[in-house]
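Raw run_23.cif, mmCIF, C-alpha atoms:
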```cif
data_target
#
loop_
_atom_site.label_atom_id
_atom_site.label_comp_id
_atom_site.auth_asym_id
_atom_site.auth_seq_id
_atom_site.Cartn_x
_atom_site.Cartn_y
_atom_site.Cartn_z
CA MET A 1 -29.96 -13.29 42.70
CA ALA A 2 -33.13 -11.27 42.99
CA GLY A 3 -34.97 -10.26 39.87
CA ALA A 4 -33.31 -7.32 38.16
CA GLY A 5 -36.23 -4.99 37.71
CA TYR A 6 -36.24 -1.38 36.68
CA TYR A 7 -36.40 -0.22 40.26
CA ASP A 8 -33.84 -2.67 41.60
CA ILE A 9 -31.13 -0.66 43.30
CA ASP A 10 -28.63 -3.50 43.15
CA ASP A 11 -29.06 -3.66 39.43
CA ILE A 12 -28.55 0.07 39.09
CA LEU A 13 -25.34 -0.17 41.10
CA ALA A 14 -24.14 -3.21 39.20
CA VAL A 15 -24.42 -1.66 35.75
CA GLN A 16 -22.36 1.30 36.87
CA GLU A 17 -19.28 -0.91 36.68
CA ARG A 18 -16.91 0.19 33.97
CA VAL A 19 -15.89 -1.62 30.84
CA PRO A 20 -13.07 -0.59 28.51
CA CYS A 21 -14.27 0.89 25.24
CA VAL A 22 -12.82 2.31 22.06
CA LEU A 23 -14.72 5.35 20.89
CA ARG A 24 -15.82 5.62 17.29
CA VAL A 25 -16.89 9.22 17.57
CA ASP A 26 -15.90 12.24 19.59
CA LEU A 27 -17.89 12.39 22.76
CA ASP A 28 -18.34 15.05 25.33
CA GLY A 29 -19.18 14.83 28.98
CA LEU A 30 -17.09 11.84 29.85
CA GLY A 31 -14.61 13.68 31.99
CA SER A 32 -14.69 13.49 35.74
CA ALA A 33 -15.68 17.11 36.15
CA GLY A 34 -19.33 16.48 35.35
CA SER A 35 -21.22 16.97 32.16
CA GLY A 36 -20.01 19.34 29.51
CA GLY A 37 -16.92 21.39 30.01
CA SER A 38 -13.91 21.03 27.78
CA SER A 39 -13.51 17.34 28.45
CA LYS A 40 -14.07 15.97 24.98
CA VAL A 41 -12.79 12.49 24.32
CA HIS A 42 -11.79 11.91 20.72
CA ARG A 43 -12.48 8.99 18.46
CA ASN A 44 -10.22 5.98 18.52
CA SER A 45 -9.18 6.63 22.07
CA ARG A 46 -9.71 4.19 24.91
CA TRP A 47 -12.00 5.12 27.71
CA ALA A 48 -13.67 3.18 30.47
CA LEU A 49 -17.40 3.68 30.38
CA PRO A 50 -20.08 2.44 32.76
CA LEU A 51 -21.89 -0.60 31.44
CA TRP A 52 -25.26 1.12 31.07
CA MET A 53 -23.64 3.61 28.73
CA ALA A 54 -21.29 1.28 26.97
CA ASP A 55 -23.83 -1.39 26.19
CA ARG A 56 -26.28 0.87 24.38
CA LEU A 57 -23.64 2.92 22.62
CA ASN A 58 -22.11 -0.33 21.48
CA GLU A 59 -25.36 -1.33 19.84
CA GLU A 60 -25.45 1.97 18.02
CA ASP A 61 -21.84 1.47 16.96
CA TYR A 62 -20.67 4.66 18.55
CA VAL A 63 -18.19 2.73 20.65
CA ASP A 64 -16.64 -0.69 20.58
CA MET A 65 -17.15 -2.34 23.92
CA GLY A 66 -14.46 -4.63 25.20
CA VAL A 67 -14.55 -7.20 27.95
CA SER A 68 -14.00 -5.81 31.42
CA PRO A 69 -10.75 -6.90 33.11
CA VAL A 70 -12.94 -8.46 35.78
CA PHE A 71 -13.74 -11.23 33.32
CA SER A 72 -10.63 -11.37 31.21
CA LYS A 73 -9.38 -14.79 30.17
CA ARG A 74 -6.68 -14.73 32.81
CA ALA A 75 -9.09 -13.68 35.49
CA ASN A 76 -11.53 -16.42 34.50
CA ARG A 77 -8.80 -19.02 34.79
CA MET A 78 -7.99 -17.76 38.28
CA TYR A 79 -11.62 -17.96 39.31
CA VAL A 80 -11.91 -21.53 38.18
CA ALA A 81 -8.65 -22.53 39.84
CA SER A 82 -9.23 -21.27 43.35
CA PRO A 83 -12.68 -19.82 43.92
CA GLU A 84 -12.54 -19.58 47.66
CA SER A 85 -9.44 -17.48 47.98
CA ILE A 86 -10.37 -14.69 45.61
CA GLN A 87 -11.02 -11.32 47.18
CA LEU A 88 -14.28 -10.66 45.41
CA ARG A 89 -14.92 -7.39 47.11
CA ALA A 90 -11.65 -6.06 45.76
CA VAL A 91 -12.44 -7.30 42.27
CA SER A 92 -15.94 -5.94 42.09
CA GLN A 93 -18.55 -5.35 44.74
CA HIS A 94 -21.30 -6.47 42.42
CA PHE A 95 -19.42 -9.35 40.87
CA TYR A 96 -22.32 -11.68 40.20
CA GLN A 97 -24.81 -9.16 38.91
CA PHE A 98 -22.22 -7.54 36.69
CA GLY A 99 -21.26 -10.95 35.37
CA LEU A 100 -24.86 -11.73 34.55
CA HIS A 101 -25.09 -8.62 32.41
CA LEU A 102 -21.92 -9.46 30.56
CA GLY A 103 -22.97 -13.08 30.17
CA ASP A 104 -24.00 -12.62 26.57
CA LEU A 105 -20.65 -11.30 25.51
CA VAL A 106 -18.31 -13.89 26.91
CA PRO A 107 -19.76 -17.40 26.76
CA ASP A 108 -17.58 -18.66 29.62
CA ILE A 109 -18.95 -16.28 32.19
CA PRO A 110 -22.12 -18.15 33.26
CA HIS A 111 -20.12 -21.29 34.04
CA VAL A 112 -17.43 -19.37 35.88
CA LEU A 113 -20.06 -17.56 37.92
CA ARG A 114 -21.95 -20.68 38.78
CA ASP A 115 -18.90 -22.65 39.84
CA MET A 116 -17.60 -19.81 41.96
CA TYR A 117 -20.93 -19.25 43.62
CA MET A 118 -21.47 -22.93 44.38
CA GLN A 119 -18.09 -23.27 46.05
CA ARG A 120 -18.26 -20.07 48.03
CA VAL A 121 -21.82 -20.47 49.14
CA GLN A 122 -21.01 -23.76 50.84
CA ARG A 123 -18.35 -22.03 52.86
CA ILE A 124 -20.75 -19.21 53.68
CA ALA A 125 -23.35 -21.65 54.97
CA ARG A 126 -20.71 -23.38 57.07
CA ILE A 127 -19.60 -20.11 58.61
CA ALA A 128 -23.17 -19.15 59.37
CA GLN A 129 -23.77 -22.43 61.18
CA GLN A 130 -20.53 -22.73 63.06
CA GLY A 131 -19.94 -19.11 63.76
CA HIS A 132 -17.06 -16.82 62.95
CA ASN A 133 -13.53 -17.49 63.84
CA VAL A 134 -10.26 -15.80 63.01
CA GLU A 135 -9.59 -17.89 59.92
CA SER A 136 -12.87 -17.11 58.29
CA LEU A 137 -12.54 -13.39 58.90
CA ASP A 138 -10.50 -12.93 55.74
CA PHE A 139 -13.01 -14.85 53.72
CA VAL A 140 -15.96 -12.93 55.10
CA GLN A 141 -14.26 -9.67 54.27
CA SER A 142 -13.75 -10.77 50.72
CA LEU A 143 -17.40 -11.43 49.92
CA ASP A 144 -19.20 -9.29 47.42
CA LYS A 145 -22.60 -7.78 48.11
CA THR A 146 -24.68 -10.73 46.91
CA GLU A 147 -22.74 -13.17 49.05
CA ALA A 148 -22.72 -10.87 52.05
CA ASN A 149 -26.48 -10.71 51.82
CA MET A 150 -26.65 -14.48 51.69
CA LEU A 151 -24.48 -14.72 54.80
CA ARG A 152 -26.70 -12.31 56.62
CA LEU A 153 -29.80 -14.33 55.71
CA CYS A 154 -28.19 -17.58 56.86
CA GLN A 155 -27.20 -16.06 60.17
CA GLN A 156 -30.69 -14.68 60.62
CA ALA A 157 -32.15 -18.11 60.00
CA GLN A 158 -29.80 -19.62 62.57
CA GLY A 159 -30.87 -17.00 65.08
CA SER A 160 -34.52 -17.73 64.43
CA ILE A 161 -34.01 -21.40 65.17
CA ALA A 162 -32.39 -20.56 68.49
CA ASP A 163 -35.18 -18.17 69.30
CA TRP A 164 -37.83 -20.71 68.56
CA GLN A 165 -36.11 -23.29 70.72
CA GLN A 166 -36.07 -20.84 73.60
CA ASN A 167 -39.67 -20.03 73.05
CA LYS A 168 -38.89 -16.50 72.08
CA ALA A 169 -40.29 -16.74 68.59
CA TYR A 170 -43.68 -15.47 69.53
CA THR A 171 -42.58 -12.49 71.51
CA LEU A 172 -44.06 -9.33 70.12
CA GLY A 173 -41.34 -6.81 69.69
CA ARG A 174 -41.09 -3.27 68.63
CA ALA A 175 -41.01 -2.70 64.92
CA PRO A 176 -37.46 -2.48 63.58
CA THR A 177 -38.17 0.85 61.97
CA ILE A 178 -38.73 2.55 65.26
CA PRO A 179 -35.50 3.73 66.85
CA MET B 1 -18.94 11.92 34.07
CA LEU B 2 -22.56 12.11 33.01
CA GLY B 3 -24.81 10.20 35.33
CA ASP B 4 -22.56 10.45 38.38
CA GLU B 5 -24.98 12.67 40.29
CA ALA B 6 -27.76 10.20 39.69
CA PHE B 7 -25.49 7.41 40.83
CA ARG B 8 -24.98 9.18 44.12
CA LEU B 9 -28.73 9.10 44.62
CA ALA B 10 -28.77 5.39 43.86
CA LYS B 11 -26.14 4.80 46.50
CA GLU B 12 -28.18 6.72 49.04
CA ALA B 13 -31.18 4.61 48.18
CA LYS B 14 -29.08 1.55 48.89
CA ASP B 15 -28.48 2.88 52.40
CA ILE B 16 -32.10 2.39 53.30
CA THR B 17 -32.40 -0.63 55.53
CA SER B 18 -35.37 -1.92 57.41
CA SER B 19 -34.43 0.16 60.41
CA HIS B 20 -32.88 3.27 59.00
CA ILE B 21 -33.56 5.83 56.36
CA PRO B 22 -31.28 8.75 55.57
CA ALA B 23 -32.73 12.22 55.19
CA TYR B 24 -34.39 13.14 51.92
CA ASN B 25 -31.62 14.56 49.85
CA GLU B 26 -33.47 17.38 48.20
CA GLU B 27 -30.29 19.02 46.99
CA GLN B 28 -29.14 15.95 45.12
CA VAL B 29 -32.55 15.40 43.59
CA ARG B 30 -32.58 18.99 42.41
CA LEU B 31 -29.12 18.60 40.86
CA VAL B 32 -30.16 15.52 38.97
CA THR B 33 -33.39 17.03 37.65
CA GLN B 34 -31.47 20.12 36.64
CA GLU B 35 -28.91 18.11 34.74
CA THR B 36 -31.68 16.14 33.05
CA ARG B 37 -33.52 19.25 31.96
CA TYR B 38 -30.34 20.79 30.62
CA LEU B 39 -29.54 17.63 28.69
CA TRP B 40 -33.02 17.52 27.22
CA THR B 41 -32.76 21.07 25.88
CA ARG B 42 -29.41 20.15 24.35
CA ILE B 43 -31.00 17.09 22.76
CA GLU B 44 -33.77 19.18 21.27
CA GLU B 45 -31.23 21.64 19.89
CA MET B 46 -29.22 18.91 18.30
CA VAL B 47 -32.22 17.19 16.81
CA ALA B 48 -33.29 20.49 15.30
CA GLY B 49 -29.80 20.59 13.82
CA PHE B 50 -30.28 17.18 12.18
CA GLY B 51 -33.51 18.28 10.58
CA SER B 52 -31.79 21.13 8.80
CA GLN B 53 -29.19 18.78 7.31
CA GLY B 54 -31.69 17.54 4.77
CA ALA B 55 -32.61 14.29 6.46
CA SER B 56 -36.25 14.16 5.58
CA GLN B 57 -37.27 11.95 8.44
CA ASP B 58 -39.77 13.03 10.95
CA LEU B 59 -38.16 12.30 14.29
CA GLY B 60 -41.32 12.35 16.28
CA PHE B 61 -41.39 11.67 19.98
CA GLY B 62 -43.00 8.29 19.94
CA GLU B 63 -42.28 5.45 22.32
CA GLY B 64 -38.82 4.09 21.65
CA GLU B 65 -38.48 0.38 21.18
CA SER B 66 -36.82 -1.46 23.97
CA GLN B 67 -33.44 -2.82 23.15
CA GLY B 68 -31.06 -4.39 25.50
CA LEU B 69 -30.22 -7.47 27.44
CA GLY B 70 -33.27 -7.38 29.59
CA PHE B 71 -32.15 -4.73 31.97
CA GLY B 72 -34.15 -1.54 32.03
CA GLN B 73 -36.76 -2.10 29.42
CA HIS B 74 -37.97 1.34 30.27
CA GLU B 75 -34.60 2.92 29.87
CA SER B 76 -35.05 3.60 26.18
CA GLN B 77 -36.38 7.07 25.95
CA ALA B 78 -39.23 8.58 23.99
CA PHE B 79 -36.81 8.84 21.12
CA PRO B 80 -36.58 6.28 18.34
CA GLN B 81 -32.97 5.16 18.30
CA LYS B 82 -33.32 3.40 14.98
CA SER B 83 -34.18 6.53 13.05
CA LEU B 84 -31.19 8.23 14.68
CA ALA B 85 -28.91 5.55 13.27
CA ALA B 86 -30.61 5.82 9.90
CA ALA B 87 -30.10 9.55 9.89
CA GLY B 88 -26.49 8.77 10.79
CA ASP B 89 -26.13 6.66 7.68
CA GLU B 90 -27.33 9.48 5.50
CA ALA B 91 -24.89 11.83 7.17
CA MET B 92 -22.00 9.44 6.58
CA ALA B 93 -22.98 9.16 2.99
CA SER B 94 -22.51 12.88 2.69
CA GLY B 95 -19.12 12.52 4.37
CA GLU B 96 -19.81 14.50 7.51
CA ALA B 97 -17.94 12.91 10.41
CA GLN B 98 -19.07 15.81 12.52
CA ALA B 99 -22.67 14.80 12.06
CA GLU B 100 -21.78 11.34 13.28
CA ASP B 101 -20.28 12.94 16.35
CA ALA B 102 -23.45 14.88 16.94
CA HIS B 103 -25.55 11.75 16.65
CA GLY B 104 -23.33 9.88 19.03
CA GLN B 105 -23.45 12.78 21.41
CA THR B 106 -27.22 12.94 21.25
CA SER B 107 -27.40 9.22 21.82
CA LEU B 108 -25.22 9.61 24.87
CA TYR B 109 -27.39 12.40 26.21
CA VAL B 110 -30.53 10.37 25.67
CA LEU B 111 -29.02 7.45 27.54
CA THR B 112 -28.03 9.70 30.42
CA VAL B 113 -31.50 11.17 30.61
CA GLY B 114 -32.89 7.66 30.83
CA ARG B 115 -30.37 6.75 33.49
CA ASN B 116 -31.13 9.83 35.56
CA LYS B 117 -34.79 9.07 35.32
CA ARG B 118 -34.23 5.51 36.44
CA CYS B 119 -32.12 6.55 39.44
CA LEU B 120 -34.61 9.20 40.50
CA LEU B 121 -37.53 6.82 40.25
CA ALA B 122 -35.70 4.04 42.07
CA TYR B 123 -34.68 6.42 44.86
CA HIS B 124 -38.22 7.61 45.42
CA HIS B 125 -39.63 4.15 45.02
CA ARG B 126 -37.34 2.74 47.70
CA ARG B 127 -38.24 5.49 50.13
CA MET B 128 -41.91 5.03 49.42
CA ALA B 129 -41.68 1.29 50.05
CA PHE B 130 -39.95 1.94 53.36
CA LEU B 131 -42.60 4.41 54.34
CA ARG B 132 -45.39 2.07 53.42
CA SER B 133 -44.06 -0.82 55.48
CA LEU B 134 -43.46 1.58 58.36
CA LEU B 135 -47.07 2.68 58.22
CA TRP B 136 -48.36 -0.86 58.30
CA THR B 137 -46.29 -1.75 61.37
CA LEU B 138 -47.69 1.34 63.04
CA HIS B 139 -51.16 0.08 62.26
CA LEU B 140 -51.73 2.93 59.86
CA ALA B 141 -51.48 5.70 62.38
CA PRO B 142 -49.14 8.27 60.86
CA SER B 143 -49.27 10.32 64.02
CA LEU B 144 -47.28 7.58 65.75
CA VAL B 145 -44.22 8.09 63.58
CA PRO B 146 -41.41 9.18 65.87
CA ALA B 147 -40.33 12.78 65.40
CA GLU B 148 -36.75 11.99 64.47
CA LEU B 149 -37.93 9.77 61.64
CA SER B 150 -40.44 12.23 60.28
CA GLN B 151 -37.70 14.85 60.26
CA ARG B 152 -35.88 12.85 57.65
CA LEU B 153 -38.85 12.73 55.34
CA SER B 154 -39.68 15.38 52.83
CA PRO B 155 -43.02 17.18 53.19
CA GLU B 156 -44.34 15.27 50.17
CA GLU B 157 -43.51 11.99 51.88
CA GLN B 158 -45.21 13.00 55.10
CA ASN B 159 -48.21 13.99 53.05
CA PHE B 160 -48.09 10.62 51.36
CA ALA B 161 -48.15 8.91 54.75
CA ARG B 162 -51.25 10.78 55.82
CA GLU B 163 -53.04 10.31 52.54
CA TYR B 164 -52.21 6.61 52.42
CA ALA B 165 -53.62 6.06 55.91
CA ARG B 166 -56.68 8.07 55.01
CA LEU B 167 -57.27 6.10 51.81
CA ASN B 168 -56.96 2.82 53.66
CA ALA B 169 -59.35 3.97 56.36
CA ALA B 170 -61.89 5.06 53.77
CA TYR B 171 -61.64 1.71 51.98
CA ARG B 172 -61.99 -0.19 55.23
CA ASP B 173 -65.04 1.83 56.18
CA ALA B 174 -66.65 1.16 52.83
CA VAL B 175 -66.01 -2.57 53.15
CA GLU B 176 -67.27 -2.68 56.71
CA GLU B 177 -70.44 -0.93 55.71
CA GLN B 178 -71.11 -3.63 53.17
CA LEU B 179 -70.06 -6.68 55.14
CA CYS B 180 -70.39 -6.08 58.85
CA PRO B 181 -71.99 -2.77 59.75
CA ALA B 182 -72.00 -3.59 63.42
CA ASP B 183 -68.33 -4.50 63.97
CA SER B 184 -65.09 -2.75 63.35
CA LEU B 185 -62.28 -4.70 61.70
CA ASP B 186 -58.62 -4.32 62.53
CA TRP B 187 -57.03 -4.50 59.12
CA THR B 188 -53.57 -3.91 60.35
CA ALA B 189 -53.32 -7.05 62.41
CA ASN B 190 -50.43 -9.13 61.20
CA GLY B 191 -51.80 -11.56 58.69
CA GLU B 192 -48.78 -13.80 58.44
CA ILE B 193 -48.09 -14.79 62.03
CA PRO B 194 -51.20 -16.16 63.72
CA PRO B 195 -51.62 -14.82 67.22
CA ARG B 196 -50.63 -17.30 69.85
CA ASP B 197 -52.36 -15.92 72.89
CA LEU B 198 -55.47 -13.95 73.41
CA PHE B 199 -53.95 -12.08 76.35
CA VAL B 200 -50.39 -10.91 76.75
CA GLU B 201 -48.29 -9.97 79.71
CA VAL B 202 -46.69 -6.57 79.22
CA ARG B 203 -44.50 -4.21 81.14
CA VAL B 204 -44.82 -0.52 80.53
CA ALA B 205 -41.61 1.12 79.36
CA ARG B 206 -42.93 4.59 78.72
CA ASP B 207 -45.92 6.35 80.13
CA CYS B 208 -48.91 5.78 77.88
CA GLY B 209 -51.66 7.32 79.88
CA GLU B 210 -54.89 5.41 79.98
CA ILE B 211 -56.38 3.01 77.49
CA VAL B 212 -59.88 1.74 77.23
CA THR B 213 -60.27 -2.02 77.28
CA GLU B 214 -63.28 -4.26 77.50
CA ASN B 215 -62.84 -4.55 81.22
CA GLY B 216 -62.67 -0.84 81.80
CA VAL B 217 -59.99 1.77 81.81
CA VAL B 218 -56.40 0.73 82.46
CA ASN B 219 -53.79 3.20 83.56
CA LEU B 220 -50.45 2.43 81.90
CA GLN B 221 -47.78 3.88 84.11
CA ALA B 222 -44.11 3.30 83.49
CA GLY B 223 -42.82 0.27 85.34
CA THR B 224 -46.12 -1.48 85.90
CA GLN B 225 -47.10 -4.86 84.53
CA HIS B 226 -50.42 -5.77 83.06
CA TYR B 227 -52.20 -8.72 81.59
CA LEU B 228 -54.14 -7.34 78.69
CA ARG B 229 -55.93 -8.39 75.56
CA ARG B 230 -53.48 -8.54 72.69
CA SER B 231 -55.53 -6.59 70.20
CA ASP B 232 -55.81 -3.63 72.54
CA VAL B 233 -52.11 -3.12 73.05
CA GLU B 234 -50.57 -4.36 69.84
CA HIS B 235 -49.93 -0.89 68.48
CA LEU B 236 -48.22 0.20 71.69
CA LEU B 237 -45.99 -2.85 71.52
CA ALA B 238 -45.04 -2.00 67.97
CA ILE B 239 -43.72 1.42 68.91
CA GLY B 240 -41.93 0.16 71.99
CA TYR B 241 -43.97 1.82 74.69
CA LEU B 242 -44.80 -1.61 76.08
CA VAL B 243 -42.54 -4.62 76.35
CA HIS B 244 -43.89 -8.09 75.89
CA ILE B 245 -42.90 -10.50 78.63
CA ASN B 246 -42.90 -14.06 77.46
CA PRO B 247 -43.73 -16.53 80.19
CA LEU B 248 -41.48 -19.55 79.92
#
```

Written form, C-alpha cells:
Amino acid sequence: MAGAGYYDIDDILAVQERVPCVLRVDLDGLGSAGSGGSSKVHRNSRWALPLWMADRLNEEDYVDMGVSPVFSKRANRMYVASPESIQLRAVSQHFYQFGLHLGDLVPDIPHVLRDMYMQRVQRIARIAQQGHNVESLDFVQSLDKTEANMLRLCQQAQGSIADWQQNKAYTLGRAPTIP
Amino acid sequence: MLGDEAFRLAKEAKDITSSHIPAYNEEQVRLVTQETRYLWTRIEEMVAGFGSQGASQDLGFGEGESQGLGFGQHESQAFPQKSLAAAGDEAMASGEAQAEDAHGQTSLYVLTVGRNKRCLLAYHHRRMAFLRSLLWTLHLAPSLVPAELSQRLSPEEQNFAREYARLNAAYRDAVEEQLCPADSLDWTANGEIPPRDLFVEVRVARDCGEIVTENGVVNLQAGTQHYLRRSDVEHLLAIGYLVHINPL
C-alpha cells in the first residue's frame, strides 16, 4: 500500500469510512442535510461517524468510538476462514487502508489483513498471467481498490513483456494525456 | 454531514487518471471554501464565549500539536486542542454540561475545517501534478496543449502551465550560459529510456507544415513517410501528429 501522506487521495477516501460511535455530548451538523440546520444529535445516542471525525473526537472524549462492523469479531472469523470468496468491494472499497487505520484499536486486524492479502494476491497474479475467464469474473468484481490497482499493474507488466518480445517496446507513442 | 462537500472534491480528484482530467469544479471549490469560512467564524464566536466563562486561559492561535495515528499530521489546526480539553474540565467542574457541548461542537468544527483544507489541497495538488507531467511530455511547450484539455483547466492552472514552462526555460538558459554557451540543450528529452536509434521512421498523421532539420527543410504532409532525426520530431510524436513506424 502506498505511503499515506497528507495529499494521498486514497487515504482521504479511506478515512471517510464510518465507524459506530456513542456521543458524549450534543453535536450539531451531523445530519445528512449539510452543516447546521436543526439536525442536532443528542448525547448517549448512537451515530455512525466518518473515521477522520470519530478518531479525533474519541481522543478528546467527546464520543466513544466503537469497532466498525467491517472488522467485527464475526467478520474477522469469516475473513480468516475463506479469504478468496469474500466480496471485498461490497464490504468496503478501501478495505485494506481502512483496516490499517483501525489497526491500533483491534489487535487482530493486522494479521487478518495480511493473511487475506497474501491469499488474494496470489489469485490476482494468476489471473493476470493466465487471462480472464468466466469463473474469475466474480472474483475480479469483488476486489477492493487496492487489489484492483494491483491487478491492473500485473496486467500492464504482462503486456509490456509481450510488447518487448515483439520488438514494440521502443516505439515512440503519443503521450497518454493527449486525447 | 459536515465534510461531505469536501469529500465530493476528493472523489473528483480520484477521477484523474494519466489520460483524463475532469473539468475544474469551481462551484464545488467555492462551496467548500464558503463552508470553511462560515465554520471558522462560528469557531471564533464560540471561543469568545469560552473566554467570558471565566476560564483564564489564553487560547492563542499557535501551532496545534499533532495527534493521531500517523495520518494527517497537518490536520490538527492552528488551535491547541489540549487547552480546549482543559477548559472543558473547568467547565465540568462548574457543572455546565452545555459548555461541554460547546467545546465538543467547536472541536468538531475545527476538525471539519482541517478536513476541508486537506481535501482542497489534495484536489489542487493532484491537478497540479497531472498538469506538470503533461507539460513535460509536451516538452514544456504549453501552446501544444490540445484545446479540449485546456478547456477543462481553470485560468489559474493555465497560467501555472505558462509560468512553469517559462521558469524552466529561464533556468535552462542560465545553466547553458554557464556550461555550454555555444550549444542548446534539450532538457525535456526522456531521461529514463535511452534512445535506441538516432533516426526514426515516421508517418505523418496530421499536417504539420514544415520543419527545419539539419539536412534542410522537410515538408510534413499528411500521409507521407520520412526518415528523420529523432530529436527533431520527438515533440510531434508526443502529441500524435506523427506515428512512429517500428521496422521489424

Distance table requested - chain B against chain A, cut-off 7 Å, only C-alpha atoms: one row per qualifying residue with the closest atom pair and its distance in Å to one decimal, ordered by chain and rising residue number, as JSON lines.
```
{"residue": "B:Met1", "atom": "CA", "partner": "A:Leu30", "partner_atom": "CA", "distance": 4.6}
{"residue": "B:Leu2", "atom": "CA", "partner": "A:Ser35", "partner_atom": "CA", "distance": 5.1}
{"residue": "B:Ala10", "atom": "CA", "partner": "A:Ile9", "partner_atom": "CA", "distance": 6.5}
{"residue": "B:Lys14", "atom": "CA", "partner": "A:Ile9", "partner_atom": "CA", "distance": 6.4}
{"residue": "B:Ser18", "atom": "CA", "partner": "A:Thr177", "partner_atom": "CA", "distance": 6.0}
{"residue": "B:Ser19", "atom": "CA", "partner": "A:Thr177", "partner_atom": "CA", "distance": 4.1}
{"residue": "B:His20", "atom": "CA", "partner": "A:Thr177", "partner_atom": "CA", "distance": 6.5}
{"residue": "B:Phe71", "atom": "CA", "partner": "A:Ala4", "partner_atom": "CA", "distance": 6.8}
{"residue": "B:Gly72", "atom": "CA", "partner": "A:Tyr6", "partner_atom": "CA", "distance": 5.1}
{"residue": "B:Ala85", "atom": "CA", "partner": "A:Glu60", "partner_atom": "CA", "distance": 6.9}
{"residue": "B:Glu100", "atom": "CA", "partner": "A:Val25", "partner_atom": "CA", "distance": 6.8}
{"residue": "B:Asp101", "atom": "CA", "partner": "A:Val25", "partner_atom": "CA", "distance": 5.2}
{"residue": "B:Gly104", "atom": "CA", "partner": "A:Tyr62", "partner_atom": "CA", "distance": 5.9}
{"residue": "B:Gln105", "atom": "CA", "partner": "A:Leu27", "partner_atom": "CA", "distance": 5.7}
{"residue": "B:Leu111", "atom": "CA", "partner": "A:Met53", "partner_atom": "CA", "distance": 6.7}
{"residue": "B:Ala122", "atom": "CA", "partner": "A:Tyr7", "partner_atom": "CA", "distance": 4.7}
{"residue": "B:Leu134", "atom": "CA", "partner": "A:Thr177", "partner_atom": "CA", "distance": 6.4}
{"residue": "B:Thr137", "atom": "CA", "partner": "A:Ala175", "partner_atom": "CA", "distance": 6.4}
{"residue": "B:Leu237", "atom": "CA", "partner": "A:Arg174", "partner_atom": "CA", "distance": 5.7}
{"residue": "B:Ala238", "atom": "CA", "partner": "A:Arg174", "partner_atom": "CA", "distance": 4.2}
{"residue": "B:Ile239", "atom": "CA", "partner": "A:Arg174", "partner_atom": "CA", "distance": 5.4}
{"residue": "B:Gly240", "atom": "CA", "partner": "A:Arg174", "partner_atom": "CA", "distance": 4.9}
{"residue": "B:His244", "atom": "CA", "partner": "A:Leu172", "partner_atom": "CA", "distance": 5.9}
{"residue": "B:Asn246", "atom": "CA", "partner": "A:Thr171", "partner_atom": "CA", "distance": 6.2}
```

Notebook entry, point to check: To one decimal place, how far is CA of His226 in chain B from CA of Arg203 in chain B in Å?
Noted result: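 Between CA of His226 in chain B and CA of Arg203 in chain B the gap works out to 6.4 Å.
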
Notebook entry, point to check: What does the PyMOL selection byres ((chain B and resi 227) around 10) select in this file, as number ranges by chain?
Noted result: B: 199-203, 225-226, 228-230, 245

Next item on the list: Run the PyMOL selection byres ((chain B and resi 46) around 12) on the file and write out the hits as a PyMOL selection string.
Entry: chain B and resi 39-45+47-53+59+84+99-107+109-110

Next item on the list: Using CA of Ala75 in chain A and CA of Gln141 in chain A as the two end points, give the distance in Å to one decimal.
Entry: 19.9 Å

Margin query: One decimal, in Å: what's the spacing between CA of Ala161 in chain B and CA of Ser143 in chain B?
Written below: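 Calculated distance between CA of Ala161 in chain B and CA of Ser143 in chain B is 9.4 Å.
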
Note to self: Expand the PyMOL selection byres ((chain A and resi 110) around 12) into the explicit residue set it covers here, and present it as a list in words.
What the structure shows: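 Output from the PyMOL selection byres ((chain A and resi 110) around 12), applied to this file: Phe71, Asn76, Val80, Phe95, Tyr96, Gln97, Phe98, Gly99, Leu100, His101, Leu102, Gly103, Asp104, Leu105, Val106, Pro107, Asp108, Ile109, His111, Val112, Leu113, Arg114, Asp115, Met116 and Tyr117 of chain A.
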
Notebook entry, point to check: B:Tyr241, B:Tyr38, B:Glu27, B:Gly209: which is nearest Leu144 in chain B, counting only C-alpha atoms?
Noted result: B:Tyr241
